[in-house]
$ cat upload38.csv   # CSV, C-alpha atoms
chain,number,residue,atom,x,y,z
H,1427,MET,CA,124.5,52.6,86.4
H,1428,SER,CA,122.5,52.0,89.6
H,1429,ASN,CA,122.5,55.8,90.0
H,1430,SER,CA,121.0,56.5,86.6
H,1431,ARG,CA,118.4,53.8,87.1
H,1432,HIS,CA,117.6,55.4,90.5
H,1433,LEU,CA,117.2,58.7,88.7
H,1434,SER,CA,115.0,57.4,86.0
H,1435,THR,CA,112.7,55.6,88.6
H,1436,ALA,CA,112.5,58.8,90.6
H,1437,LEU,CA,111.6,60.8,87.4
H,1438,LYS,CA,109.0,58.2,86.4
H,1439,THR,CA,107.3,58.4,89.9
H,1440,ALA,CA,107.4,62.2,89.5
H,1441,PHE,CA,105.8,62.0,86.1
H,1442,THR,CA,103.0,59.7,87.3
H,1443,ALA,CA,102.3,62.1,90.2
H,1444,ALA,CA,102.3,65.1,87.7
H,1445,LEU,CA,100.1,63.4,85.1
H,1446,PRO,CA,96.7,64.6,86.4
H,1447,ILE,CA,98.1,68.2,86.5
H,1448,VAL,CA,99.7,67.9,83.1
H,1449,LEU,CA,96.3,66.8,81.6
H,1450,GLY,CA,94.4,69.4,83.5
H,1451,TYR,CA,96.6,72.2,82.3
H,1452,VAL,CA,95.9,71.2,78.7
H,1453,VAL,CA,92.2,72.0,79.2
H,1454,LEU,CA,93.1,75.0,81.4
H,1455,GLY,CA,95.8,76.4,79.0
H,1456,ILE,CA,94.0,76.3,75.7
H,1457,PRO,CA,91.2,78.9,76.6
H,1458,CYS,CA,93.9,81.0,78.3
H,1459,GLY,CA,96.0,81.1,75.1
H,1460,ILE,CA,92.8,82.0,73.1
H,1461,LEU,CA,92.0,84.8,75.5
H,1462,GLY,CA,95.6,86.1,75.3
H,1463,VAL,CA,95.4,86.4,71.5
H,1464,GLN,CA,92.1,88.2,71.8
H,1465,ALA,CA,93.8,90.7,74.1
H,1466,GLY,CA,96.4,91.3,71.4
H,1467,MET,CA,99.2,89.3,72.9
H,1468,SER,CA,101.7,87.7,70.5
H,1469,LEU,CA,102.9,84.1,70.7
H,1470,VAL,CA,106.3,85.3,72.2
H,1471,GLN,CA,104.5,87.3,74.9
H,1472,ILE,CA,102.2,84.4,75.8
H,1473,ALA,CA,105.3,82.1,76.0
H,1474,LEU,CA,107.2,84.6,78.2
H,1475,MET,CA,104.3,85.1,80.5
H,1476,SER,CA,103.6,81.3,80.9
H,1477,LEU,CA,107.3,80.5,81.6
H,1478,LEU,CA,108.2,83.5,83.8
H,1479,PHE,CA,104.9,84.4,85.5
H,1480,TYR,CA,103.3,81.0,85.4
H,1481,SER,CA,99.9,81.7,87.0
H,1482,GLY,CA,96.6,80.3,85.7
H,1483,ALA,CA,94.4,82.8,87.5
H,1484,GLY,CA,96.8,85.7,86.7
H,1485,GLN,CA,97.1,84.8,83.0
H,1486,TYR,CA,93.3,84.7,82.6
H,1487,LEU,CA,92.8,87.9,84.6
H,1488,ILE,CA,95.4,90.0,82.7
H,1489,PRO,CA,93.8,89.8,79.2
H,1490,ASN,CA,90.3,89.9,80.7
H,1491,LEU,CA,90.9,93.2,82.6
H,1492,TRP,CA,93.0,94.5,79.7
H,1493,LEU,CA,90.0,94.0,77.3
H,1494,ALA,CA,87.7,95.7,79.8
H,1495,GLY,CA,90.0,98.8,79.7
H,1496,VAL,CA,91.1,98.5,83.4
H,1497,PRO,CA,94.2,100.7,84.1
H,1498,LEU,CA,97.6,99.0,84.5
H,1499,GLY,CA,97.9,99.8,88.2
H,1500,SER,CA,94.6,98.1,89.0
H,1501,ILE,CA,95.4,95.1,86.9
H,1502,ILE,CA,98.7,94.6,88.7
H,1503,ALA,CA,97.2,95.1,92.1
H,1504,SER,CA,94.3,92.7,91.5
H,1505,VAL,CA,96.6,90.0,90.1
H,1506,SER,CA,99.1,90.4,92.9
H,1507,LEU,CA,96.4,90.2,95.6
H,1508,VAL,CA,94.9,87.0,94.1
H,1509,ASN,CA,98.4,85.4,94.0
H,1510,MET,CA,99.2,86.2,97.6
H,1511,ARG,CA,97.7,82.9,98.6
H,1512,GLN,CA,101.1,81.5,97.4
H,1513,ILE,CA,102.6,82.8,100.6
H,1514,LEU,CA,100.7,80.1,102.5
H,1515,TYR,CA,102.0,77.4,100.1
H,1516,SER,CA,105.6,78.6,100.4
H,1517,ALA,CA,105.3,78.8,104.2
H,1518,SER,CA,104.0,75.3,104.5
H,1519,LEU,CA,106.5,73.8,102.1
H,1520,SER,CA,109.5,75.5,103.9
H,1521,ARG,CA,109.8,72.6,106.4
H,1522,TYR,CA,110.5,70.1,103.6
H,1523,ALA,CA,113.2,72.2,102.1
H,1524,GLU,CA,115.5,72.2,105.1
H,1525,GLY,CA,119.0,71.1,104.1
H,1526,VAL,CA,118.2,71.4,100.4
H,1527,GLY,CA,120.6,73.4,98.2
H,1528,LYS,CA,119.8,77.0,97.5
H,1529,ARG,CA,119.4,76.7,93.8
H,1530,LEU,CA,117.2,73.7,93.9
H,1531,SER,CA,115.1,75.3,96.7
H,1532,LEU,CA,114.7,78.4,94.5
H,1533,LEU,CA,113.6,76.5,91.4
H,1534,PHE,CA,111.2,74.4,93.5
H,1535,ALA,CA,109.7,77.5,95.3
H,1536,ALA,CA,109.4,79.5,92.1
H,1537,THR,CA,107.4,76.9,90.3
H,1538,VAL,CA,104.7,76.0,92.9
H,1539,THR,CA,101.0,76.3,91.8
H,1540,ASP,CA,97.7,75.5,93.5
H,1541,GLU,CA,97.6,72.1,91.9
H,1542,SER,CA,101.3,71.0,92.3
H,1543,PHE,CA,101.2,72.2,95.9
H,1544,GLY,CA,98.3,69.9,96.6
H,1545,ILE,CA,99.9,66.9,94.9
H,1546,ASN,CA,103.4,67.4,96.4
H,1547,LEU,CA,102.1,68.1,99.9
H,1548,ALA,CA,100.2,64.8,99.9
H,1549,ARG,CA,103.4,63.0,98.9
H,1550,PHE,CA,105.6,64.8,101.4
H,1551,ASP,CA,103.2,63.9,104.2
H,1552,ASP,CA,103.1,60.2,103.2
H,1553,PRO,CA,106.2,58.5,104.9
H,1554,LYS,CA,105.9,55.6,102.5
H,1555,ALA,CA,106.3,57.9,99.4
H,1556,GLY,CA,109.8,59.0,100.5
H,1557,TRP,CA,109.2,62.2,98.5
H,1558,THR,CA,112.2,64.5,97.8
H,1559,VAL,CA,112.3,68.2,96.9
H,1560,ARG,CA,114.0,67.0,93.7
H,1561,GLN,CA,111.0,64.9,92.7
H,1562,ALA,CA,108.6,67.7,93.8
H,1563,THR,CA,110.5,70.1,91.5
H,1564,ALA,CA,110.2,67.6,88.7
H,1565,VAL,CA,106.4,67.6,89.2
H,1566,ASN,CA,106.5,71.4,89.1
H,1567,LEU,CA,108.5,71.4,85.9
H,1568,PHE,CA,106.4,68.8,84.1
H,1569,SER,CA,103.3,71.0,85.0
H,1570,LEU,CA,105.1,74.2,83.8
H,1571,SER,CA,105.9,72.6,80.5
H,1572,SER,CA,102.3,71.4,80.0
H,1573,TRP,CA,101.0,74.8,80.9
H,1574,THR,CA,103.3,76.7,78.5
H,1575,LEU,CA,102.7,74.3,75.6
H,1576,SER,CA,98.9,74.4,76.1
H,1577,CYS,CA,98.8,78.2,76.3
H,1578,LEU,CA,100.7,78.3,73.0
H,1579,LEU,CA,98.4,75.7,71.5
H,1580,GLY,CA,95.5,77.8,72.6
H,1581,ALA,CA,97.1,80.9,71.1
H,1582,TRP,CA,97.6,79.1,67.8
H,1583,LEU,CA,94.0,77.8,67.8
H,1584,GLY,CA,92.8,81.3,68.7
H,1585,SER,CA,94.5,82.8,65.7
H,1586,LEU,CA,92.8,80.2,63.4
H,1587,LEU,CA,89.2,80.0,64.9
H,1588,GLN,CA,86.8,82.7,65.8
H,1589,VAL,CA,86.0,82.0,69.4
H,1590,PRO,CA,83.7,84.5,71.2
H,1591,VAL,CA,85.6,86.3,73.9
H,1592,ALA,CA,82.7,85.8,76.4
H,1593,LEU,CA,82.9,82.0,75.9
H,1594,ALA,CA,86.7,81.8,76.4
H,1595,SER,CA,86.6,84.0,79.4
H,1596,PHE,CA,83.8,81.9,81.0
H,1597,ALA,CA,86.4,79.2,81.3
H,1598,MET,CA,88.1,81.5,83.8
H,1599,THR,CA,84.8,82.3,85.6
H,1600,SER,CA,84.3,78.5,85.9
H,1601,ILE,CA,87.8,78.1,87.5
H,1602,PHE,CA,87.1,80.9,90.0
H,1603,ILE,CA,83.7,79.4,90.9
H,1604,CYS,CA,85.4,76.0,91.4
H,1605,LEU,CA,88.2,77.5,93.6
H,1606,LEU,CA,85.6,79.5,95.6
H,1607,PHE,CA,83.3,76.6,96.3
H,1608,ALA,CA,86.2,74.2,97.1
H,1609,GLN,CA,86.9,76.5,100.1
H,1610,ARG,CA,86.1,75.3,103.6
H,1611,PHE,CA,83.0,77.2,104.6
H,1612,THR,CA,83.3,78.6,108.2
H,1613,ARG,CA,81.7,81.7,109.5
H,1614,PRO,CA,84.6,84.1,108.7
H,1615,THR,CA,85.2,82.6,105.2
H,1616,VAL,CA,81.5,82.9,104.3
H,1617,VAL,CA,81.5,86.5,105.6
H,1618,ALA,CA,84.7,87.1,103.5
H,1619,ALA,CA,83.1,85.8,100.4
H,1620,LEU,CA,79.7,87.5,100.8
H,1621,THR,CA,81.2,90.9,101.8
H,1622,ALA,CA,83.6,90.8,98.8
H,1623,ALA,CA,80.8,90.0,96.4
H,1624,VAL,CA,78.6,92.8,97.7
H,1625,ALA,CA,81.6,95.3,97.7
H,1626,VAL,CA,82.3,94.4,94.1
H,1627,LEU,CA,78.7,95.1,93.1
H,1628,LEU,CA,78.7,98.4,95.0
H,1629,CYS,CA,82.0,99.5,93.3
H,1630,LYS,CA,80.4,98.7,89.9
H,1631,LEU,CA,77.3,100.7,90.8
H,1632,ALA,CA,79.5,103.6,91.9
H,1633,GLY,CA,81.3,103.5,88.5
H,1634,LEU,CA,84.5,102.0,90.0
H,1635,ALA,CA,84.8,99.0,87.7
H,1636,GLY,CA,88.6,99.1,87.5
H,1637,PRO,CA,89.5,98.7,91.2
H,1638,ALA,CA,86.4,96.7,92.0
H,1639,ILE,CA,88.2,93.3,92.5
H,1640,ILE,CA,91.0,94.6,94.7
H,1641,ILE,CA,88.6,96.8,96.8
H,1642,GLY,CA,86.1,93.9,97.1
H,1643,ALA,CA,88.7,91.4,98.1
H,1644,LEU,CA,90.3,93.7,100.7
H,1645,THR,CA,86.9,94.6,102.2
H,1646,GLY,CA,86.1,90.8,102.4
H,1647,ILE,CA,89.3,90.0,104.2
H,1648,ALA,CA,88.8,92.9,106.7
H,1649,ALA,CA,85.2,91.8,107.4
H,1650,ALA,CA,86.4,88.2,108.1
H,1651,MET,CA,89.2,89.4,110.4
H,1652,LEU,CA,86.6,91.5,112.4
H,1653,VAL,CA,84.3,88.4,112.6
H,1654,SER,CA,87.1,86.1,113.8
H,1655,LEU,CA,88.3,88.7,116.3
H,1656,SER,CA,84.9,89.1,117.8
H,1657,GLN,CA,84.4,85.3,117.9
H,1658,HIS,CA,87.8,85.0,119.7
H,1659,GLN,CA,86.8,87.8,122.1
H,1660,ARG,CA,83.5,86.2,122.9
H,1661,GLU,CA,85.2,82.8,123.6
H,1662,GLN,CA,87.6,84.6,126.0
H,1663,ASP,CA,84.8,86.4,127.8
H,1664,GLY,CA,83.0,83.1,128.1
H,1665,THR,CA,79.7,84.6,127.0
H,1666,PRO,CA,77.8,82.9,124.2
M,784,MET,CA,98.8,94.8,73.8
M,785,SER,CA,102.0,96.9,73.2
M,786,TRP,CA,105.4,95.6,74.3
M,787,ALA,CA,105.7,98.5,76.8
M,788,SER,CA,102.4,97.7,78.6
M,789,PHE,CA,103.2,94.0,78.4
M,790,LEU,CA,106.6,94.4,80.0
M,791,ILE,CA,105.2,96.6,82.8
M,792,ILE,CA,102.5,94.1,83.6
M,793,LEU,CA,104.8,91.1,83.3
M,794,ALA,CA,107.6,92.6,85.4
M,795,CYS,CA,105.4,93.8,88.2
M,796,CYS,CA,103.2,90.7,88.4
M,797,MET,CA,106.3,88.5,88.2
M,798,ALA,CA,108.0,90.4,91.0
M,799,THR,CA,105.1,90.1,93.4
M,800,MET,CA,104.5,86.5,92.4
M,801,LEU,CA,108.2,85.5,92.9
M,802,ALA,CA,108.3,87.2,96.3
M,803,CYS,CA,105.1,85.3,97.4
M,804,ARG,CA,106.4,82.0,96.1
M,805,VAL,CA,110.0,82.2,97.2
M,806,LEU,CA,110.5,84.4,100.3
M,807,PRO,CA,108.4,82.5,102.9
M,808,LEU,CA,110.3,79.3,102.0
M,809,PHE,CA,113.7,80.8,102.5
M,810,VAL,CA,112.8,83.1,105.5
M,811,LEU,CA,110.7,80.8,107.6
M,812,LYS,CA,112.9,77.6,107.2
M,813,GLY,CA,110.2,75.5,108.8
M,814,ARG,CA,109.1,78.0,111.4
M,815,GLN,CA,105.4,78.9,111.6
M,816,LEU,CA,104.0,82.2,110.4
M,817,PRO,CA,102.6,84.6,113.0
M,818,GLU,CA,99.0,83.4,113.9
M,819,ARG,CA,97.2,86.6,112.9
M,820,LEU,CA,99.0,86.8,109.6
M,821,GLU,CA,98.3,83.2,108.7
M,822,GLN,CA,94.6,83.9,109.5
M,823,ALA,CA,94.5,86.9,107.3
M,824,LEU,CA,96.2,85.1,104.5
M,825,GLY,CA,93.7,82.3,104.9
M,826,TYR,CA,90.9,84.7,104.1
M,827,ILE,CA,92.5,85.8,100.8
M,828,PRO,CA,91.2,82.9,98.8
M,829,PRO,CA,87.5,83.1,99.7
M,830,ALA,CA,87.5,86.9,99.5
M,831,ALA,CA,89.5,87.1,96.3
M,832,PHE,CA,87.7,84.3,94.4
M,833,ALA,CA,84.3,85.7,95.5
M,834,ALA,CA,85.3,89.1,94.2
M,835,LEU,CA,86.4,87.6,90.9
M,836,VAL,CA,83.2,85.6,90.5
M,837,ALA,CA,81.1,88.6,91.4
M,838,ASN,CA,83.1,90.7,88.9
M,839,ASP,CA,82.4,88.2,86.1
M,840,LEU,CA,78.8,87.4,86.9
M,841,LEU,CA,77.3,90.7,87.9
M,842,THR,CA,77.2,92.9,84.7
M,843,LEU,CA,75.2,96.1,85.0
M,844,PRO,CA,72.4,96.4,82.4
M,845,ALA,CA,73.0,99.3,80.0
M,846,ALA,CA,69.7,101.2,79.4
M,847,GLU,CA,69.1,99.7,75.9
M,848,ALA,CA,70.6,96.3,76.5
M,849,GLU,CA,68.4,93.2,76.5
M,850,PRO,CA,68.4,91.1,79.7
M,851,TRP,CA,69.4,87.8,78.1
M,852,PRO,CA,73.1,88.3,77.7
M,853,ILE,CA,73.3,89.4,81.4
M,854,LEU,CA,71.4,86.3,82.5
M,855,ILE,CA,73.6,83.8,80.6
M,856,PRO,CA,76.6,83.8,82.9
M,857,LEU,CA,74.4,83.7,86.0
M,858,LEU,CA,72.6,80.6,84.6
M,859,ALA,CA,75.7,78.9,83.4
M,860,ALA,CA,77.2,79.4,86.9
M,861,ILE,CA,74.6,77.1,88.5
M,862,PRO,CA,75.9,73.7,87.1
M,863,VAL,CA,79.5,74.8,87.8
M,864,VAL,CA,78.7,75.4,91.5
M,865,VAL,CA,77.0,72.0,91.8
M,866,ILE,CA,80.0,70.3,90.2
M,867,ALA,CA,82.5,72.3,92.2
M,868,ARG,CA,80.8,71.1,95.5
M,869,LYS,CA,80.6,67.5,94.3
M,870,THR,CA,83.9,66.9,92.5
M,871,ARG,CA,86.2,69.9,93.3
M,872,SER,CA,87.6,69.3,89.8
M,873,LEU,CA,88.8,72.3,87.8
M,874,LEU,CA,88.6,70.2,84.7
M,875,TRP,CA,84.9,69.3,85.0
M,876,CYS,CA,84.0,72.8,86.1
M,877,ILE,CA,85.5,74.3,82.9
M,878,VAL,CA,83.9,71.7,80.7
M,879,ALA,CA,80.4,72.2,82.3
M,880,GLY,CA,80.7,75.9,82.5
M,881,VAL,CA,81.8,76.5,78.9
M,882,ALA,CA,79.4,73.9,77.5
M,883,THR,CA,76.4,75.4,79.3
M,884,PHE,CA,77.5,78.9,78.4
M,885,GLY,CA,77.9,77.9,74.7
M,886,LEU,CA,74.4,76.2,74.6
M,887,LEU,CA,72.8,79.3,76.2
M,888,MET,CA,74.4,81.5,73.6
M,889,LEU,CA,72.7,79.5,70.9
M,890,ILE,CA,69.2,80.2,72.3
M,891,PRO,CA,67.9,83.1,70.2
M,892,LEU,CA,66.2,85.5,72.6

$ encode --input "upload38.csv" --output "structure tokens"
Amino acid sequence: MSNSRHLSTALKTAFTAALPIVLGYVVLGIPCGILGVQAGMSLVQIALMSLLFYSGAGQYLIPNLWLAGVPLGSIIASVSLVNMRQILYSASLSRYAEGVGKRLSLLFAATVTDESFGINLARFDDPKAGWTVRQATAVNLFSLSSWTLSCLLGAWLGSLLQVPVALASFAMTSIFICLLFAQRFTRPTVVAALTAAVAVLLCKLAGLAGPAIIIGALTGIAAAMLVSLSQHQREQDGTP
Amino acid sequence: MSWASFLIILACCMATMLACRVLPLFVLKGRQLPERLEQALGYIPPAAFAALVANDLLTLPAAEAEPWPILIPLLAAIPVVVIARKTRSLLWCIVAGVATFGLLMLIPL
């Protein structure tokens, strides 16, 4: 009895924590489903991708690049590079998963997103919250359910209404602009962003529209590393 | 999208995604990443998101195309940037971006 009450309280706290994400994913998922239908994906495919791949940026990028006629290899490389930021999340969550069972750790790690990472990290770091990996996993699963249902709702709406592709895909552009401008601007990150944008433009001018994103992003990362290395060097030399 | 293409994309993207999501948590067990690696990983978001934004906003004009369709995304991006800096809310950025884009599409030029 007390155990089940304990469980339901823990679940309720998890749901309250997840609520902003759950609502956000409705707005995020609907245009994503619409875009998927426009790229010729079926409801089953959209459901599988939402449940198994579960990536907002990735699921917008795939239909968009597919519609632009980008080759499969470039689609996979671009999507994978964009999702490599998850390594940072996983690395910083690892200290909270010590002593947690393997299966729960796996489920928890496999369902982290930008948004649920932010929400859970804040709870883990708050000693008063007494946050557990079990609750964090519940937050992830509430978010995953909302995402999948919203993508399917979008797919259903997309098959009923005629939504211009350009309009649905601008939802994605807005997300990327938001994620870009929410970054902390330091010298290396500004160099990374500007170099990447210029490299994308140059690729397009050179007729390399397919690999433009991956080439642009890698060039930006390399430029930022060079800037931070030379900054580091100057600090060590003691010259301004 | 055919099932063959779909399954190739899903399997590959899922494999890299799972590796990025799961491996560090199990391998590191609370230890820190090497400093240089963590630094390089930290540059992925600004570089990748800038590349994605540039890819979406910068469309090359075809010889016969009118300039208006090319300007719409650039103009619609302006309120999104302002809202992103002020609120950092994905939700409001989508609403502002799609609404501005839709309104601009209605202007007959």

$ closest_residue --input "upload38.csv" --among "H:Ile1472, H:Ile1513, H:Leu1477, H:Leu1652" --to "Thr799 in chain M" --atoms "all atoms listed in the file"
H:Ile1513

$ interface_residues --input "upload38.csv" --of "chain M" --to "chain H" --cutoff "7 Å" --atoms "only C-alpha atoms" --output "compact mmCIF listing (two decimals) with C-alpha atoms, in the frame of the given file"
# COMPACT_ATOMS: atom_id res chain seq x y z
CA MET M 784 98.80 94.80 73.80
CA ILE M 792 102.50 94.10 83.60
CA LEU M 793 104.80 91.10 83.30
CA CYS M 795 105.40 93.80 88.20
CA CYS M 796 103.20 90.70 88.40
CA MET M 797 106.30 88.50 88.20
CA THR M 799 105.10 90.10 93.40
CA MET M 800 104.50 86.50 92.40
CA LEU M 801 108.20 85.50 92.90
CA CYS M 803 105.10 85.30 97.40
CA ARG M 804 106.40 82.00 96.10
CA VAL M 805 110.00 82.20 97.20
CA PRO M 807 108.40 82.50 102.90
CA LEU M 808 110.30 79.30 102.00
CA PHE M 809 113.70 80.80 102.50
CA LEU M 811 110.70 80.80 107.60
CA LYS M 812 112.90 77.60 107.20
CA GLY M 813 110.20 75.50 108.80
CA ALA M 823 94.50 86.90 107.30
CA LEU M 824 96.20 85.10 104.50
CA TYR M 826 90.90 84.70 104.10
CA ILE M 827 92.50 85.80 100.80
CA PRO M 828 91.20 82.90 98.80
CA PRO M 829 87.50 83.10 99.70
CA ALA M 830 87.50 86.90 99.50
CA ALA M 831 89.50 87.10 96.30
CA PHE M 832 87.70 84.30 94.40
CA ALA M 833 84.30 85.70 95.50
CA ALA M 834 85.30 89.10 94.20
CA LEU M 835 86.40 87.60 90.90
CA VAL M 836 83.20 85.60 90.50
CA ALA M 837 81.10 88.60 91.40
CA ASN M 838 83.10 90.70 88.90
CA ASP M 839 82.40 88.20 86.10
CA LEU M 841 77.30 90.70 87.90
CA VAL M 863 79.50 74.80 87.80
CA VAL M 864 78.70 75.40 91.50
CA ALA M 867 82.50 72.30 92.20
CA ARG M 868 80.80 71.10 95.50
CA ARG M 871 86.20 69.90 93.30
CA LEU M 873 88.80 72.30 87.80
CA LEU M 874 88.60 70.20 84.70
CA CYS M 876 84.00 72.80 86.10
CA ILE M 877 85.50 74.30 82.90
CA GLY M 880 80.70 75.90 82.50
CA VAL M 881 81.80 76.50 78.90
CA PHE M 884 77.50 78.90 78.40
CA GLY M 885 77.90 77.90 74.70

$ residues_around --input "upload38.csv" --residues "Leu1583 in chain H" --least-positions-apart "5" --cutoff "12 Å" --atoms "all atoms listed in the file" --output "list in words"
Gly1455, Ile1456, Pro1457, Cys1458, Gly1459, Ile1460, Leu1461, Gly1462, Val1463, Gln1464, Leu1469, Ser1576, Cys1577, Leu1578, Gln1588, Val1589 and Ala1594 of chain H

$ atom_distance --input "upload38.csv" --atom1 "CA of Ala1494 in chain H" --atom2 "CA of Ala1632 in chain H"
16.6 Å

$ atom_distance --input "upload38.csv" --atom1 "CA of Gln1561 in chain H" --atom2 "CA of Lys1438 in chain H"
9.4 Å

$ atom_distance --input "upload38.csv" --atom1 "CA of Val1559 in chain H" --atom2 "CA of Leu1547 in chain H"
10.6 Å

$ closest_residue --input "upload38.csv" --among "H:Leu1491, H:Ser1476, H:Asn1546, H:Gly1636" --to "Ala1562 in chain H" --atoms "only C-alpha atoms"
H:Asn1546

$ residues_around --input "upload38.csv" --residues "Ala1564 in chain H" --least-positions-apart "5" --cutoff "8 Å" --atoms "only C-alpha atoms" --output "JSON, numbers by chain"
{"H": [1437, 1440, 1441]}
